[in-house]
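Pasting input_31.cif here (mmCIF, C-alpha atoms and all ligand atoms):
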```cif
data_work
#
loop_
_atom_site.label_atom_id
_atom_site.label_comp_id
_atom_site.auth_asym_id
_atom_site.auth_seq_id
_atom_site.Cartn_x
_atom_site.Cartn_y
_atom_site.Cartn_z
CA MET A 1 0.00 0.00 0.00
CA GLN A 2 1.27 3.48 -0.84
CA PHE A 3 0.98 6.55 1.38
CA LYS A 4 -1.10 8.24 -1.29
CA GLU A 5 -3.80 5.60 -0.76
CA VAL A 6 -4.09 6.34 2.96
CA ILE A 7 -7.07 8.57 3.70
CA GLY A 8 -6.22 11.91 5.34
CA GLN A 9 -3.69 11.74 8.22
CA THR A 10 -1.37 14.19 6.44
CA GLU A 11 0.57 15.05 9.57
CA VAL A 12 1.20 11.44 10.67
CA LYS A 13 2.24 10.48 7.13
CA ARG A 14 4.68 13.37 7.08
CA LYS A 15 6.23 12.16 10.34
CA LEU A 16 6.48 8.55 9.18
CA ILE A 17 7.98 9.48 5.82
CA GLY A 18 10.42 11.80 7.56
CA MET A 19 11.56 9.08 9.96
CA ALA A 20 11.83 6.42 7.25
CA SER A 21 13.69 8.66 4.78
CA ALA A 22 16.23 9.54 7.41
CA GLY A 23 16.60 5.88 8.41
CA ARG A 24 15.34 6.81 11.85
CA VAL A 25 12.26 4.64 12.31
CA PRO A 26 12.39 3.50 15.94
CA HIS A 27 12.91 -0.25 16.27
CA ALA A 28 9.58 -0.51 18.06
CA LEU A 29 6.88 1.93 17.01
CA LEU A 30 3.30 1.93 18.30
CA LEU A 31 0.57 3.54 16.21
CA LEU A 32 -2.15 4.33 18.70
CA GLY A 33 -5.62 5.58 17.85
CA PRO A 34 -9.30 4.74 17.43
CA GLU A 35 -10.88 2.14 15.16
CA GLY A 36 -11.30 3.06 11.51
CA ASN A 37 -8.63 5.79 11.61
CA GLY A 38 -6.21 4.01 9.27
CA ASN A 39 -3.61 2.75 11.78
CA LEU A 40 -3.11 -0.41 9.75
CA ALA A 41 -3.05 1.45 6.42
CA LEU A 42 -0.28 3.66 7.84
CA ALA A 43 1.70 0.65 9.06
CA LEU A 44 1.40 -1.06 5.67
CA SER A 45 2.46 2.00 3.71
CA THR A 46 5.39 2.58 6.06
CA ALA A 47 6.52 -1.03 5.58
CA GLN A 48 6.26 -0.71 1.81
CA PHE A 49 8.11 2.60 1.85
CA ILE A 50 10.96 1.13 3.90
CA GLN A 51 11.23 -1.95 1.67
CA CYS A 52 10.75 -0.17 -1.68
CA GLU A 53 13.80 -0.36 -3.95
CA ASN A 54 13.03 2.82 -5.81
CA LYS A 55 11.27 5.21 -3.45
CA THR A 56 10.67 8.87 -4.14
CA GLU A 57 10.88 11.61 -1.56
CA ASP A 58 7.39 11.04 -0.23
CA ASP A 59 6.15 7.62 -1.29
CA SER A 60 7.09 4.12 -2.38
CA CYS A 61 7.28 3.60 -6.15
CA GLY A 62 4.44 1.09 -6.35
CA THR A 63 6.09 -0.86 -9.19
CA CYS A 64 9.35 -2.42 -7.97
CA SER A 65 9.35 -6.08 -6.97
CA ALA A 66 9.29 -5.23 -3.24
CA CYS A 67 6.29 -2.96 -3.76
CA LEU A 68 4.41 -5.56 -5.79
CA LYS A 69 4.91 -8.12 -3.02
CA ASN A 70 3.93 -5.61 -0.36
CA GLN A 71 0.79 -4.78 -2.27
CA LYS A 72 -0.24 -8.43 -2.08
CA PHE A 73 0.95 -8.61 1.55
CA ILE A 74 3.32 -11.47 0.63
CA HIS A 75 6.75 -9.86 1.05
CA PRO A 76 8.87 -12.53 2.78
CA ASP A 77 10.37 -9.96 5.17
CA LEU A 78 7.01 -8.52 6.18
CA HIS A 79 5.44 -10.48 9.04
CA PHE A 80 1.97 -10.16 10.48
CA THR A 81 0.59 -10.98 13.89
CA PHE A 82 -3.10 -10.48 14.65
CA PRO A 83 -5.74 -11.93 16.97
CA VAL A 84 -7.01 -15.36 15.93
CA ILE A 85 -9.18 -18.15 17.26
CA LYS A 86 -8.17 -21.78 17.50
CA PRO A 87 -8.96 -23.52 14.21
CA GLU A 88 -11.22 -26.53 14.54
CA LYS A 89 -9.32 -29.81 14.70
CA LYS A 90 -6.03 -28.08 15.56
CA THR A 91 -4.48 -29.45 18.72
CA SER A 92 -1.55 -27.08 19.16
CA PRO A 93 -2.15 -23.39 20.09
CA ALA A 94 -3.44 -21.03 17.39
CA VAL A 95 -0.97 -18.80 15.55
CA SER A 96 -1.52 -16.06 12.99
CA ALA A 97 -0.10 -18.26 10.22
CA ASP A 98 -3.21 -20.47 10.59
CA PHE A 99 -5.22 -17.61 9.08
CA ILE A 100 -2.73 -15.89 6.79
CA VAL A 101 -4.78 -16.61 3.65
CA GLU A 102 -7.91 -15.08 5.18
CA TRP A 103 -5.81 -12.18 6.49
CA ARG A 104 -4.40 -11.31 3.06
CA SER A 105 -7.79 -11.46 1.45
CA ALA A 106 -9.36 -9.34 4.23
CA LEU A 107 -6.64 -6.71 3.69
CA GLN A 108 -7.26 -6.75 -0.07
CA GLN A 109 -10.88 -5.94 0.67
CA ASN A 110 -10.57 -3.36 3.39
CA VAL A 111 -7.53 -2.30 5.40
CA TYR A 112 -9.83 -0.18 7.55
CA MET A 113 -11.63 -3.25 8.90
CA SER A 114 -12.48 -3.51 12.58
CA TYR A 115 -11.66 -6.30 15.00
CA TYR A 116 -15.23 -7.57 14.71
CA ASP A 117 -15.12 -7.57 10.91
CA TRP A 118 -12.00 -9.68 11.17
CA MET A 119 -13.52 -12.06 13.68
CA GLN A 120 -16.54 -12.56 11.40
CA ASN A 121 -14.18 -13.10 8.52
CA ILE A 122 -12.59 -16.09 10.24
CA GLY A 123 -15.92 -17.43 11.48
CA ALA A 124 -15.23 -16.69 15.14
CA GLU A 125 -18.91 -16.11 15.97
CA ASN A 126 -18.86 -15.40 19.70
CA LYS A 127 -15.33 -16.58 20.34
CA GLN A 128 -12.77 -14.09 21.53
CA GLY A 129 -9.62 -13.52 19.46
CA ASN A 130 -6.23 -13.97 21.05
CA ILE A 131 -2.49 -13.62 20.38
CA THR A 132 -0.96 -16.71 21.93
CA ALA A 133 2.36 -17.40 23.66
CA GLU A 134 3.19 -19.74 20.78
CA GLU A 135 2.70 -16.83 18.34
CA CYS A 136 5.13 -14.71 20.42
CA ARG A 137 7.72 -17.48 20.25
CA GLN A 138 7.27 -17.75 16.49
CA ILE A 139 7.79 -13.99 16.12
CA ILE A 140 11.13 -14.29 17.89
CA HIS A 141 12.14 -17.32 15.83
CA GLN A 142 11.21 -15.70 12.52
CA LEU A 143 12.98 -12.44 13.25
CA ASN A 144 16.17 -14.27 14.11
CA LEU A 145 16.33 -15.82 10.65
CA LYS A 146 18.20 -13.76 8.09
CA THR A 147 16.31 -11.46 5.76
CA TYR A 148 15.22 -12.84 2.43
CA GLU A 149 15.53 -9.79 0.25
CA SER A 150 15.08 -6.30 1.60
CA GLY A 151 17.43 -4.67 4.02
CA TYR A 152 14.72 -4.72 6.68
CA LYS A 153 12.51 -7.23 8.41
CA ILE A 154 9.26 -5.69 9.52
CA GLN A 155 6.90 -7.22 12.06
CA ILE A 156 3.41 -5.71 12.22
CA ILE A 157 1.33 -6.56 15.29
CA TRP A 158 -2.30 -5.62 14.73
CA LEU A 159 -4.27 -4.98 17.91
CA THR A 160 -1.55 -5.28 20.51
CA GLU A 161 -4.34 -5.21 23.14
CA PHE A 162 -4.80 -8.92 22.47
CA LEU A 163 -1.32 -9.70 23.73
CA GLY A 164 -2.16 -10.55 27.31
CA ASN A 165 0.58 -11.46 29.74
CA GLU A 166 2.05 -13.48 26.87
CA GLY A 167 3.34 -10.11 25.68
CA ASN A 168 6.09 -10.39 28.26
CA ILE A 169 7.71 -13.04 26.06
CA LEU A 170 8.42 -10.25 23.56
CA LEU A 171 9.99 -7.74 25.96
CA LYS A 172 13.56 -8.66 25.20
CA VAL A 173 13.15 -8.69 21.44
CA LEU A 174 11.24 -5.38 21.55
CA GLU A 175 14.02 -3.82 23.52
CA GLU A 176 16.84 -5.24 21.46
CA PRO A 177 15.58 -6.61 18.17
CA PRO A 178 17.96 -8.39 15.77
CA PRO A 179 19.72 -5.96 13.38
CA ASN A 180 17.57 -4.29 10.72
CA THR A 181 14.33 -5.29 12.37
CA ILE A 182 11.42 -2.94 12.92
CA PHE A 183 8.31 -3.62 14.95
CA ILE A 184 5.20 -1.66 14.04
CA LEU A 185 2.59 -2.23 16.72
CA ILE A 186 -0.98 -1.07 16.31
CA ALA A 187 -3.51 -0.47 19.07
CA GLU A 188 -6.80 1.29 19.60
CA ASN A 189 -6.76 1.38 23.37
CA GLY A 190 -3.44 2.10 25.07
CA GLU A 191 -4.83 1.33 28.53
CA MET A 192 -5.26 -2.30 27.61
CA ILE A 193 -1.60 -2.84 26.76
CA LEU A 194 0.92 -4.14 29.27
CA ASN A 195 2.98 -1.33 30.79
CA THR A 196 6.09 -3.37 30.18
CA ILE A 197 5.36 -3.15 26.45
CA ILE A 198 4.32 0.50 26.47
CA SER A 199 7.61 1.43 28.11
CA ARG A 200 9.58 -0.25 25.31
CA VAL A 201 7.93 1.36 22.30
CA GLN A 202 7.81 4.82 20.81
CA ILE A 203 4.19 5.92 20.62
CA LEU A 204 2.81 7.81 17.64
CA LYS A 205 -0.77 8.95 18.24
CA VAL A 206 -3.07 8.74 15.25
CA ASN A 207 -6.30 10.68 15.61
CA GLN A 208 -9.58 9.94 13.90
CA ILE A 209 -9.81 11.02 10.26
CA GLU A 210 -11.13 14.51 9.47
CA ASP A 211 -14.72 14.57 8.11
CA GLU A 212 -13.54 16.41 5.01
CA ASP A 213 -10.98 13.69 4.19
CA ILE A 214 -13.61 10.97 4.60
CA LYS A 215 -15.94 12.90 2.31
CA LEU A 216 -13.26 13.25 -0.39
CA ALA A 217 -12.38 9.55 -0.15
CA LEU A 218 -16.04 8.55 -0.53
CA LEU A 219 -16.45 10.78 -3.58
CA GLN A 220 -13.35 9.26 -5.10
CA LYS A 221 -14.26 5.63 -4.44
CA PHE A 222 -18.01 5.57 -5.01
CA GLU A 223 -20.50 7.02 -7.42
CA MET A 224 -22.03 9.27 -4.85
CA ASP A 225 -23.34 12.81 -4.82
CA GLU A 226 -21.63 15.39 -2.65
CA GLY A 227 -24.60 15.67 -0.26
CA SER A 228 -24.60 11.94 0.58
CA ALA A 229 -20.82 11.88 0.99
CA LYS A 230 -21.03 14.82 3.37
CA ARG A 231 -23.83 13.23 5.33
CA ILE A 232 -22.01 9.91 5.72
CA SER A 233 -18.72 11.55 6.62
CA ARG A 234 -20.23 13.54 9.47
CA MET A 235 -21.97 10.47 10.89
CA ALA A 236 -18.91 8.26 10.61
CA ASP A 237 -17.17 10.30 13.28
CA GLY A 238 -13.69 9.87 11.86
CA ASN A 239 -14.06 6.12 11.30
CA PHE A 240 -13.66 5.20 7.62
CA ASN A 241 -14.81 1.64 8.25
CA ALA A 242 -18.08 3.01 9.63
CA ALA A 243 -18.37 5.31 6.60
CA LEU A 244 -17.94 2.31 4.27
CA SER A 245 -20.76 0.45 5.98
CA MET A 246 -23.07 3.42 5.40
CA THR A 247 -22.48 3.62 1.67
CA ASP A 248 -25.18 1.25 0.48
CA GLY A 249 -28.76 2.27 0.38
CA GLU A 250 -30.66 5.33 1.32
CA ASN A 251 -30.30 6.54 4.86
CA VAL A 252 -33.60 6.21 6.63
CA ASN A 253 -32.15 6.08 10.12
CA ASP A 254 -33.18 9.60 11.08
CA LYS A 255 -36.88 8.89 10.48
CA THR A 256 -36.65 5.47 12.15
CA LEU A 257 -34.97 7.01 15.19
CA ARG A 258 -37.53 9.80 15.45
CA THR A 259 -40.39 7.29 15.42
CA TRP A 260 -38.74 5.08 18.02
CA LEU A 261 -37.84 7.90 20.42
CA LEU A 262 -41.36 9.32 20.13
CA CYS A 263 -42.82 5.87 20.91
CA CYS A 264 -40.60 5.62 24.01
CA TYR A 265 -41.39 9.19 25.02
CA SER A 266 -45.13 8.60 24.72
CA LEU A 267 -44.79 5.81 27.30
CA LYS A 268 -43.57 8.45 29.69
CA LEU A 269 -46.46 10.80 28.94
CA LYS A 270 -49.36 8.40 29.02
CA PRO A 271 -48.73 4.66 29.20
CA SER A 272 -51.80 3.41 27.38
CA SER A 273 -52.43 0.28 25.34
CA ASP A 274 -52.35 2.44 22.18
CA ASN A 275 -48.92 3.81 22.98
CA THR A 276 -47.60 0.39 23.84
CA LYS A 277 -49.01 -0.96 20.59
CA SER A 278 -47.17 1.67 18.50
CA LEU A 279 -43.97 0.61 20.20
CA ILE A 280 -44.64 -3.09 19.65
CA ASP A 281 -45.34 -2.40 15.97
CA TRP A 282 -42.11 -0.47 15.63
CA VAL A 283 -40.11 -3.23 17.33
CA GLU A 284 -41.79 -5.95 15.20
CA ASP A 285 -40.97 -4.04 12.07
CA PHE A 286 -37.41 -3.04 12.98
CA SER A 287 -36.40 -6.45 14.30
CA LYS A 288 -36.62 -7.64 10.67
CA ALA A 289 -34.19 -5.00 9.40
CA GLY A 290 -31.13 -7.26 9.67
CA ARG A 291 -28.17 -7.07 11.99
CA GLU A 292 -25.99 -4.79 9.89
CA ASN A 293 -28.79 -2.24 9.48
CA GLN A 294 -29.53 -2.40 13.19
CA LYS A 295 -25.87 -1.69 13.94
CA LEU A 296 -25.90 1.28 11.58
CA PHE A 297 -29.08 2.50 13.18
CA LEU A 298 -27.51 2.41 16.64
CA LYS A 299 -24.40 4.17 15.33
CA TYR A 300 -26.70 6.83 13.95
CA ALA A 301 -28.56 7.03 17.28
CA LEU A 302 -25.23 7.60 19.08
CA PHE A 303 -24.26 10.26 16.55
CA PHE A 304 -27.64 11.93 17.09
CA LEU A 305 -27.20 11.98 20.89
CA ARG A 306 -23.72 13.47 20.53
CA GLU A 307 -25.14 16.27 18.43
CA CYS A 308 -27.97 16.82 20.97
CA ALA A 309 -25.31 17.16 23.65
CA MET A 310 -23.54 19.74 21.47
CA ILE A 311 -26.77 21.69 21.11
CA SER A 312 -27.26 21.69 24.91
CA LEU A 313 -23.67 22.76 25.36
CA ILE A 314 -23.09 25.40 22.70
CA GLY A 315 -26.58 25.94 21.29
CA ASN A 316 -25.89 24.52 17.85
CA SER A 317 -24.79 21.48 15.85
CA GLU A 318 -22.53 21.91 12.86
CA LYS A 319 -23.39 18.46 11.58
CA LEU A 320 -27.18 18.60 11.45
CA ASP A 321 -29.56 20.63 9.34
CA GLY A 322 -33.23 20.73 8.26
CA GLU A 323 -35.68 18.40 10.01
CA GLU A 324 -32.92 16.56 11.84
CA LEU A 325 -31.66 19.78 13.43
CA ALA A 326 -35.18 20.87 14.36
CA PHE A 327 -35.88 17.52 16.03
CA ALA A 328 -32.50 17.45 17.81
CA THR A 329 -33.08 20.97 19.14
CA LYS A 330 -36.45 19.97 20.61
CA PHE A 331 -35.09 16.67 21.86
CA SER A 332 -32.08 18.22 23.60
CA LYS A 333 -34.46 20.25 25.77
CA LEU A 334 -36.13 17.08 27.08
CA LEU A 335 -33.00 15.64 28.66
CA LEU A 336 -30.46 16.68 31.26
CA PRO A 337 -26.83 15.93 30.36
CA GLU A 338 -26.73 12.89 32.66
CA GLN A 339 -29.88 11.51 31.03
CA THR A 340 -28.29 11.89 27.59
CA GLU A 341 -25.27 10.05 28.92
CA THR A 342 -27.37 7.16 30.27
CA MET A 343 -29.18 6.91 26.95
CA ALA A 344 -25.86 6.77 25.11
CA LYS A 345 -24.78 3.95 27.43
CA ILE A 346 -27.96 2.06 26.59
CA PHE A 347 -27.35 2.46 22.85
CA ASN A 348 -23.75 1.40 23.22
CA ARG A 349 -24.71 -1.77 25.07
CA MET A 350 -27.41 -2.52 22.50
CA TYR A 351 -24.75 -2.27 19.80
CA TYR A 352 -22.55 -4.64 21.79
CA HIS A 353 -25.37 -7.19 22.11
CA ILE A 354 -26.47 -6.92 18.47
CA GLU A 355 -22.91 -7.58 17.42
CA ARG A 356 -23.00 -10.72 19.54
CA ASN A 357 -26.14 -12.05 17.94
CA ALA A 358 -28.72 -11.05 20.58
CA ASN A 359 -32.35 -11.57 19.60
CA PRO A 360 -33.26 -8.15 18.15
CA LYS A 361 -36.93 -8.29 19.12
CA ILE A 362 -36.21 -8.92 22.80
CA LEU A 363 -33.30 -6.49 22.81
CA PHE A 364 -35.18 -3.58 21.27
CA MET A 365 -38.29 -4.19 23.35
CA SER A 366 -36.57 -4.35 26.73
CA ASN A 367 -34.36 -1.39 25.94
CA SER A 368 -37.30 0.70 24.75
CA PHE A 369 -38.64 0.53 28.29
CA LYS A 370 -35.24 1.57 29.57
CA VAL A 371 -35.25 4.57 27.23
CA ALA A 372 -38.74 5.44 28.50
CA SER A 373 -37.38 5.26 32.07
CA VAL A 374 -34.57 7.64 31.11
CA PHE A 375 -37.18 10.12 29.85
CA LYS A 376 -38.90 9.78 33.24
CA ASN A 377 -35.55 10.38 34.92
CA GLU A 378 -35.80 7.05 36.74
CA GLU A 379 -32.77 5.04 37.72
CA VAL A 380 -31.76 2.64 34.94
CA THR A 381 -29.24 -0.20 35.03
CA VAL A 382 -27.30 -0.67 31.83
CA ASP A 383 -25.94 -4.17 31.21
ZN ZN B 401 8.91 0.22 -4.89
#
```
What would the structure in this file look like if it were written as structure tokens?
Amino acid sequence: MQFKEVIGQTEVKRKLIGMASAGRVPHALLLLGPEGNGNLALALSTAQFIQCENKTEDDSCGTCSACLKNQKFIHPDLHFTFPVIKPEKKTSPAVSADFIVEWRSALQQNVYMSYYDWMQNIGAENKQGNITAEECRQIIHQLNLKTYESGYKIQIIWLTEFLGNEGNILLKVLEEPPPNTIFILIAENGEMILNTIISRVQILKVNQIEDEDIKLALLQKFEMDEGSAKRISRMADGNFNAALSMTDGENVNDKTLRTWLLCCYSLKLKPSSDNTKSLIDWVEDFSKAGRENQKLFLKYALFFLRECAMISLIGNSEKLDGEELAFATKFSKLLLPEQTETMAKIFNRMYYHIERNANPKILFMSNSFKVASVFKNEEVTVD
């Protein structure tokens, strides 16, 4: 992957290119920042830049043999570690190599993928991914072999959070890697990484992508009008993977959300059989929408709450207009900040459960009553 293919992140790219051109990439670098920001895209383009045989001042050439191999993620001196599950029928511990074919094809499709996309890709269902002790030992073994072709061996570790205490196996090699070896670690949540690892890496923070950059990327990649691209980019909240998932179909989430919130609110005003029936109808209908649409809907609901909080705070939202803005303005007057926060927690947990295959009818029904309780300012437990 070339730097020019990475969306936005101009400043981080400049730093990485600067370090690599001067031969000053730290031997253990950690790219730290939120999902969908392009951490992995940056790691891949840095690796390609370092290994390119014919680089220009600010990018790899894209055509030399090292670049061609990097573009297929098959360069023999580029190693990948990522969370995996234990393959069925395997008796020894799982290692990344068990899923390298799936990994390469997932990267070909979308280097902005999330952990959950990846887990679905390898059929993990509800199983938790892991980076095993055996994988750590293989990293050390592989890096001690001599390089095949480039001057540098590069080890990318995607989602370092999944290195539990096993990460301690890597401390020595992180501190003093074999000559011409570079570790590029990637993480979304620094607090979940062992301190012993954090203290041995140089951290480069990577923020979320600017809305404008997401909009431009959407316009470039899809046949899309400017209005839709703008709308998606502001909802994606700096996460290009989220933006990608919003690109098919017309966005009806604002109307769906309005109907749902009004149903829940009406339970606060006058719990009658009519009001309950409208809610039941809504839940019946929406539970058939499919998991991916339900996830997008909840993402939209979270975006909407954030904008309501902005309206309460500064009196306006830069991201909403028309009917949406009018509704958000009215809505923001109904809730105190702590109520908005509780509602956001509810939506977040719903997202979590939908992702883990909860029954949508039960989930939306029980949480509708919770949302109604938030409107009434009653105490609500979020689980
Ligand atoms: Zn090249």
Q | Nearest-residue call for ligand ZN 401 (chain B), choices A:Asn239, A:Ser45, A:Asn54, A:Ser228, using all atoms listed in the file | A | A:Asn54
Q.
Taking all atoms listed in the file and a cut-off of 9 Å, can you tell me which residues surround ligand ZN 401 (chain B), written as number ranges by chain?
A. A: 48-49, 51-56, 59-68, 70
**Q.** Distance of atom CA of A:Met113 from atom CA of A:Ile156, expressed in Å to one decimal place
**A.** 15.6 Å
Q. Which one is closest to A:Ile197: A:Leu298, A:Leu262, A:Leu170, A:Ala43? Count only C-alpha atoms.
A. A:Leu170
Q. Which residue gives the smallest distance to A:Glu191 among A:Leu32, A:Leu107, A:Glu125, A:Ser114, with all atoms listed in the file counted?
A. A:Leu32
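With distances restricted to all atoms listed in the file, A:Leu159 is the closest residue to A:Leu30 from A:Ala328, A:Ile122, A:Leu145, A:Leu159.
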Wanna dump the stretch 152-209 of chain A-stretch 131-139 of chain A contacts at 6 Å for me, each residue with its shortest atom pair and the distance in Å to one decimal, counting all atoms listed in the file, ordered by chain and number, as a tab-separated table?
```
residue	atom	partner	partner_atom	distance
A:Phe162	CA	A:Ile131	CA	5.6
A:Leu163	CA	A:Ile131	CA	5.3
A:Glu166	CA	A:Ala133	CA	5.1
```
**Q.** Separation of atom CA of A:Asp58 from atom CA of A:Gly190, in Å and rounded to one decimal
**A.** 28.9 Å
Can you give me N, CA and C atoms for stretch 20-37 of chain A, written as a PDB file, in the coordinates of the input?
```pdb
ATOM      1  N   ALA A  20      11.346   7.509   8.110  1.00  0.00           N
ATOM      2  CA  ALA A  20      11.830   6.420   7.250  1.00  0.00           C
ATOM      3  C   ALA A  20      12.896   6.923   6.276  1.00  0.00           C
ATOM      4  N   SER A  21      12.703   8.128   5.733  1.00  0.00           N
ATOM      5  CA  SER A  21      13.690   8.660   4.780  1.00  0.00           C
ATOM      6  C   SER A  21      15.029   8.859   5.448  1.00  0.00           C
ATOM      7  N   ALA A  22      14.986   9.268   6.708  1.00  0.00           N
ATOM      8  CA  ALA A  22      16.230   9.540   7.410  1.00  0.00           C
ATOM      9  C   ALA A  22      16.809   8.269   8.041  1.00  0.00           C
ATOM     10  N   GLY A  23      16.143   7.138   7.796  1.00  0.00           N
ATOM     11  CA  GLY A  23      16.600   5.880   8.410  1.00  0.00           C
ATOM     12  C   GLY A  23      16.463   5.912   9.917  1.00  0.00           C
ATOM     13  N   ARG A  24      15.471   6.678  10.397  1.00  0.00           N
ATOM     14  CA  ARG A  24      15.340   6.810  11.850  1.00  0.00           C
ATOM     15  C   ARG A  24      14.015   6.285  12.385  1.00  0.00           C
ATOM     16  N   VAL A  25      13.478   5.240  11.748  1.00  0.00           N
ATOM     17  CA  VAL A  25      12.260   4.640  12.310  1.00  0.00           C
ATOM     18  C   VAL A  25      12.684   3.914  13.584  1.00  0.00           C
ATOM     19  N   PRO A  26      12.006   4.194  14.702  1.00  0.00           N
ATOM     20  CA  PRO A  26      12.390   3.500  15.940  1.00  0.00           C
ATOM     21  C   PRO A  26      12.216   1.995  15.764  1.00  0.00           C
ATOM     22  N   HIS A  27      13.016   1.200  16.497  1.00  0.00           N
ATOM     23  CA  HIS A  27      12.910  -0.250  16.270  1.00  0.00           C
ATOM     24  C   HIS A  27      11.618  -0.830  16.814  1.00  0.00           C
ATOM     25  N   ALA A  28      10.919  -0.078  17.649  1.00  0.00           N
ATOM     26  CA  ALA A  28       9.580  -0.510  18.060  1.00  0.00           C
ATOM     27  C   ALA A  28       8.665   0.713  18.112  1.00  0.00           C
ATOM     28  N   LEU A  29       7.769   0.785  17.144  1.00  0.00           N
ATOM     29  CA  LEU A  29       6.880   1.930  17.010  1.00  0.00           C
ATOM     30  C   LEU A  29       5.454   1.477  17.280  1.00  0.00           C
ATOM     31  N   LEU A  30       4.708   2.272  18.051  1.00  0.00           N
ATOM     32  CA  LEU A  30       3.300   1.930  18.300  1.00  0.00           C
ATOM     33  C   LEU A  30       2.401   3.008  17.715  1.00  0.00           C
ATOM     34  N   LEU A  31       1.560   2.617  16.757  1.00  0.00           N
ATOM     35  CA  LEU A  31       0.570   3.540  16.210  1.00  0.00           C
ATOM     36  C   LEU A  31      -0.692   3.378  17.043  1.00  0.00           C
ATOM     37  N   LEU A  32      -1.069   4.440  17.728  1.00  0.00           N
ATOM     38  CA  LEU A  32      -2.150   4.330  18.700  1.00  0.00           C
ATOM     39  C   LEU A  32      -3.287   5.281  18.341  1.00  0.00           C
ATOM     40  N   GLY A  33      -4.476   4.730  18.153  1.00  0.00           N
ATOM     41  CA  GLY A  33      -5.620   5.580  17.850  1.00  0.00           C
ATOM     42  C   GLY A  33      -6.859   4.767  17.564  1.00  0.00           C
ATOM     43  N   PRO A  34      -8.011   5.442  17.475  1.00  0.00           N
ATOM     44  CA  PRO A  34      -9.300   4.740  17.430  1.00  0.00           C
ATOM     45  C   PRO A  34      -9.567   3.956  16.158  1.00  0.00           C
ATOM     46  N   GLU A  35     -10.471   2.988  16.286  1.00  0.00           N
ATOM     47  CA  GLU A  35     -10.880   2.140  15.160  1.00  0.00           C
ATOM     48  C   GLU A  35     -11.256   2.959  13.923  1.00  0.00           C
ATOM     49  N   GLY A  36     -10.869   2.436  12.764  1.00  0.00           N
ATOM     50  CA  GLY A  36     -11.300   3.060  11.510  1.00  0.00           C
ATOM     51  C   GLY A  36     -10.495   4.284  11.121  1.00  0.00           C
ATOM     52  N   ASN A  37      -9.411   4.574  11.879  1.00  0.00           N
ATOM     53  CA  ASN A  37      -8.630   5.790  11.610  1.00  0.00           C
ATOM     54  C   ASN A  37      -7.513   5.558  10.583  1.00  0.00           C
TER      55      ASN A  37
END
```
